[in-house]
Amino acid sequence: MQNFVFHNPTKILFGKNTIPAIGAETAAFGEKVLLVYGAGSIKKSGLYERVTESLEKAGMEITEHSGVQSNPLLSHVRSGIALAKKNGCQVICAVGGGSVIDEAKAICAGSTVEHDVWKFFTGKKSIKAPLPLTTVLTLAAAGSEMNSGMVITNDETSQKFGFGNKQLFPKTSILDPSITCSVPPDYTAYGAVDAINHILEFYFTTEDPSTAVQDRIMEGLIINAMESCNKCLANPDDYAARADLMWTSTLALNGLTAAGLGKVGFPMHMMGHTLSAFYNIPHGASLSAIAPGWMRFHAPSQPARFAQFAERVFEIREGNEQEKADRGISKLTAWFTSIHAPVTLSELEIPEKDIVRIAENAVALAKVWRLKDYDTKKIEAILRVCL
Ligand code: NZQ
Ligand code: ZN
C-alpha cells in the first residue's frame, strides 16, 4: 500500500426528509445564492419548490441559473459566471445530477477571477478561492457531490475536459434517495455504469500489487452497483435499492477507493469524453461502449489482475488466468447489455473512419491528465477493439 492523505471535507446529509436542510446549510455561507439546475426534472418532481422554500425560509436572495444540459457546456458556464458576478452571489446551490453539480463548480471557480474559466481546465491557471457550493443530488452516478472534480465541454473546440482541485469539494451535499426514483431507466443504468467504471479505472491502473483492502472495497462496490441497479430497473420506487445505488456511486469516486493505490488514471474516461464531445453521448453510455474493448486490450498484460476481478466479482472458477480474465470481461459486457447500455462503437453508430479524429481529440486530454503511455496510435488501437 502506498502512502496517502485521505481528506474529504464534504458533509453528507443522507436519507429521507433531508431536503429542508438545504436552506440553513447554504445560508451559512452568505445571503445571496445562485441556484443552478437543469432542463426541468426538478420542476416536474416538485423538488424545485421544496428547495426554494427552504432557501427563502433561511432568508436567502435567490438568482436562478437553469438549463444546464447533460454534458454541460462552457458557454453556459460563462453565462452563469456573468450572472453570479452581476448579482454578487456569495454561495452556489446546485440541484441536479453530475452535470449540474459540475457546471456549478465551474461557476464557483470562475466567479472569483477575472480571467476565462477555461484556463483552469487547460492548466494555465490554478484555482485559489472559489465560491462555496452546496448541492442536492438527484441522480446516482458521477460522484461530483462528494469530490473535487468537474467536467465541462468546450463547445468552441469540442474538447470535454475534466479538472480537480481540493477547493471544489462541496461544503454540504444532500442525498435523498427518494428523489432518484424518477430517474428514467436509461440514466439509472448509465449512472451504475459510470460508478462501476470509476472503480474499474483505479482497479486496473494501480501500479501497486498489494492493495488488499482497497480491492475488496472496490469489488464489493461493483457487485453492489450491479445488484442495486437491477433492483431499481425492476422497481423504480424501491427506496432501499435507490439508497444503495446512490451511496455506492458516491463512494465510488470520493477518494476512498483510490487511497493507497498510488498513481491511478482515467484512460477510459479520456476516450469516453471525446465520444460525448463529438456525438453528445450520455457519459455512462460512452463508458459502456469503451470499457469492454479497453479491458480486452489490457487483459493480456495483466492476466492475474483481470482473473482476480473475474473470480471475485463474477465467481468464475474455471480456466487459467487468461481464460478467467476473458470470461470476466464477457460477463461484465453481458451485464451492460442486459441493462441496455451500448457495448460497442457500432451500437452508437460511430463509423470506423472516425477513429483517427477521435484519437486525435482524446490525446489532448491524455496530455492534460498526464497519461504518458497513451499516444494516438495506442488510442486508435484500443478504439478498433471497441468497434
Ligand atoms: O436536466 P434535468 O431536467 O435535471 O434532467 C437530467 C438529465 O437529462 C436527468 N435527471 C437528473 N435527475 C433526475 C433526472 N430525471 C428525472 N429525475 C431525476 N431525479 O438526467 C439526465 C442526466 O443528468 P446528468 O446530470 O447529465 O447525469 P450524470 O449525473 O450522469 O452526470 C453526467 C456528467 O457528469 C460528468 C460527466 O462527464 C457528465 O458530464 N462527470 C463528472 C465527474 C466528477 N465531477 O467527478 C466524474 C464523472 O466521471 C463524470 O465524468
Ligand atoms: Zn465517470
# chains A, B, ... in the order shown; residues from 1 in each chain; ligands from 1

call {"tool": "residues_around", "arguments": {"residues": "A:Val51", "least_positions_apart": "4", "cutoff": "10 Å", "atoms": "only C-alpha atoms", "output": "MDAnalysis selection string"}}
result
chainID A and resid 19:23 35 42 46:47 55:57 93 95 136

call {"tool": "write_last_selection", "arguments": {"atoms": "N, CA and C atoms", "output": "PDB file, in the first residue's frame"}}
result
ATOM      1  N   ILE A  19     -34.111  17.183   2.533  1.00  0.00           N
ATOM      2  CA  ILE A  19     -34.137  18.353   1.636  1.00  0.00           C
ATOM      3  C   ILE A  19     -34.338  19.679   2.404  1.00  0.00           C
ATOM      4  N   PRO A  20     -35.249  19.718   3.393  1.00  0.00           N
ATOM      5  CA  PRO A  20     -35.496  21.006   4.059  1.00  0.00           C
ATOM      6  C   PRO A  20     -34.262  21.612   4.734  1.00  0.00           C
ATOM      7  N   ALA A  21     -33.207  20.847   4.863  1.00  0.00           N
ATOM      8  CA  ALA A  21     -31.987  21.383   5.496  1.00  0.00           C
ATOM      9  C   ALA A  21     -31.163  22.244   4.530  1.00  0.00           C
ATOM     10  N   ILE A  22     -31.513  22.233   3.228  1.00  0.00           N
ATOM     11  CA  ILE A  22     -30.643  22.918   2.262  1.00  0.00           C
ATOM     12  C   ILE A  22     -30.549  24.429   2.536  1.00  0.00           C
ATOM     13  N   GLY A  23     -31.633  25.022   3.027  1.00  0.00           N
ATOM     14  CA  GLY A  23     -31.623  26.465   3.293  1.00  0.00           C
ATOM     15  C   GLY A  23     -30.564  26.824   4.336  1.00  0.00           C
ATOM     16  N   LEU A  35     -28.832  29.692  -7.695  1.00  0.00           N
ATOM     17  CA  LEU A  35     -29.435  28.357  -7.737  1.00  0.00           C
ATOM     18  C   LEU A  35     -29.254  27.792  -9.146  1.00  0.00           C
ATOM     19  N   ILE A  42     -36.428  18.915 -12.026  1.00  0.00           N
ATOM     20  CA  ILE A  42     -36.712  19.295 -10.630  1.00  0.00           C
ATOM     21  C   ILE A  42     -38.035  20.049 -10.517  1.00  0.00           C
ATOM     22  N   GLY A  46     -41.341  18.459  -8.292  1.00  0.00           N
ATOM     23  CA  GLY A  46     -41.713  19.272  -7.133  1.00  0.00           C
ATOM     24  C   GLY A  46     -40.521  19.618  -6.246  1.00  0.00           C
ATOM     25  N   LEU A  47     -39.343  19.144  -6.622  1.00  0.00           N
ATOM     26  CA  LEU A  47     -38.154  19.423  -5.812  1.00  0.00           C
ATOM     27  C   LEU A  47     -37.821  20.916  -5.815  1.00  0.00           C
ATOM     28  N   LEU A  55     -34.662  27.658   0.975  1.00  0.00           N
ATOM     29  CA  LEU A  55     -33.691  28.759   0.842  1.00  0.00           C
ATOM     30  C   LEU A  55     -34.322  30.080   1.296  1.00  0.00           C
ATOM     31  N   GLU A  56     -35.570  30.284   0.879  1.00  0.00           N
ATOM     32  CA  GLU A  56     -36.252  31.548   1.258  1.00  0.00           C
ATOM     33  C   GLU A  56     -36.492  31.613   2.762  1.00  0.00           C
ATOM     34  N   LYS A  57     -36.854  30.498   3.333  1.00  0.00           N
ATOM     35  CA  LYS A  57     -37.088  30.424   4.776  1.00  0.00           C
ATOM     36  C   LYS A  57     -35.811  30.789   5.544  1.00  0.00           C
ATOM     37  N   CYS A  93     -25.800  26.997  -5.033  1.00  0.00           N
ATOM     38  CA  CYS A  93     -26.515  25.780  -4.656  1.00  0.00           C
ATOM     39  C   CYS A  93     -26.897  25.049  -5.943  1.00  0.00           C
ATOM     40  N   VAL A  95     -28.727  21.890  -7.823  1.00  0.00           N
ATOM     41  CA  VAL A  95     -29.766  20.875  -7.608  1.00  0.00           C
ATOM     42  C   VAL A  95     -29.868  20.058  -8.890  1.00  0.00           C
ATOM     43  N   VAL A 136     -27.893  19.488  -3.881  1.00  0.00           N
ATOM     44  CA  VAL A 136     -28.937  18.478  -3.667  1.00  0.00           C
ATOM     45  C   VAL A 136     -28.819  17.543  -4.861  1.00  0.00           C
TER      46      VAL A 136
END

call {"tool": "residues_near_ligand", "arguments": {"ligand": "ligand 2", "cutoff": "9 Å", "atoms": "only C-alpha atoms and all ligand atoms", "output": "PyMOL selection string"}}
result
chain A and resi 141-143+191+193-198+253+266+269+272+283-284+287

call {"tool": "residues_near_ligand", "arguments": {"ligand": "ligand 1", "cutoff": "7 Å", "atoms": "only C-alpha atoms and all ligand atoms", "output": "MDAnalysis selection string"}}
result
chainID A and resid 37:42 67:72 96:100 102 138:144 147:152 179:184 187 190:191 194 198 253 269 273 283:284

call {"tool": "closest_residue", "arguments": {"among": "A:Thr205, A:Thr188, A:Tyr239, A:Phe29", "to": "A:Asp373", "atoms": "only C-alpha atoms"}}
result
A:Thr205

call {"tool": "closest_residue", "arguments": {"among": "A:Ala325, A:Leu233, A:Ala189, A:Ala27", "to": "A:Pro282", "atoms": "only C-alpha atoms"}}
result
A:Ala189

call {"tool": "residues_around", "arguments": {"residues": "A:Val363", "least_positions_apart": "4", "cutoff": "7 Å", "atoms": "only C-alpha atoms", "output": "count of residues only"}}
result
4

call {"tool": "residues_around", "arguments": {"residues": "stretch 121-127 of chain A", "least_positions_apart": "3", "cutoff": "10 Å", "atoms": "only C-alpha atoms", "output": "list of chain:residue names"}}
result
A:Ala106, A:Cys108, A:Ala109, A:Gly110, A:Thr112, A:Val113, A:His115, A:Asp116, A:Val117, A:Trp118, A:Pro130, A:Met150, A:Val151, A:Ile152, A:Asn154, A:Lys160, A:Phe161, A:Gly162, A:Phe163, A:Gly164, A:Asn165, A:Lys166, A:Gln167, A:Leu168, A:Ala364, A:Leu365, A:Lys367, A:Val368, A:Trp369

call {"tool": "residues_around", "arguments": {"residues": "A:Phe306", "least_positions_apart": "4", "cutoff": "9 Å", "atoms": "only C-alpha atoms", "output": "MDAnalysis selection string"}}
result
chainID A and resid 204 295 298:300 302 310:311 321:322 324:326 328:329

call {"tool": "closest_residue", "arguments": {"among": "A:Pro267, A:Gly319, A:Gly293, A:Pro303", "to": "A:Leu345", "atoms": "only C-alpha atoms"}}
result
A:Gly293

call {"tool": "select_by_dssp", "arguments": {"residues": "stretch 98-202 of chain A", "states": "helix (DSSP H, G or I)", "output": "ChimeraX atom specification"}}
result
/A:98-110,118-121,144-146,166-168,177-182,185-202

call {"tool": "closest_residue", "arguments": {"among": "A:Met1, A:Ile199, A:Ala252, A:Cys232", "to": "A:Gly265", "atoms": "only C-alpha atoms"}}
result
A:Ile199

call {"tool": "closest_residue", "arguments": {"among": "A:Glu380, A:Glu219, A:Glu114, A:Glu25", "to": "A:Pro170", "atoms": "only C-alpha atoms"}}
result
A:Glu25

call {"tool": "closest_residue", "arguments": {"among": "A:Pro185, A:Leu200, A:Pro132, A:Ile379", "to": "A:Asn235", "atoms": "only C-alpha atoms"}}
result
A:Pro185

call {"tool": "atom_distance", "arguments": {"atom1": "atom CA of A:Ser111", "atom2": "atom CA of A:Val33"}}
result
12.5 Å

call {"tool": "atom_distance", "arguments": {"atom1": "atom CA of A:Ser249", "atom2": "atom CA of A:Ala225"}}
result
7.5 Å

call {"tool": "select_by_dssp", "arguments": {"residues": "stretch 47-279 of chain A", "states": "strand (DSSP E)", "output": "MDAnalysis selection string"}}
result
chainID A and resid 61:65 91:96 133:137 149:154 159:164 172:175
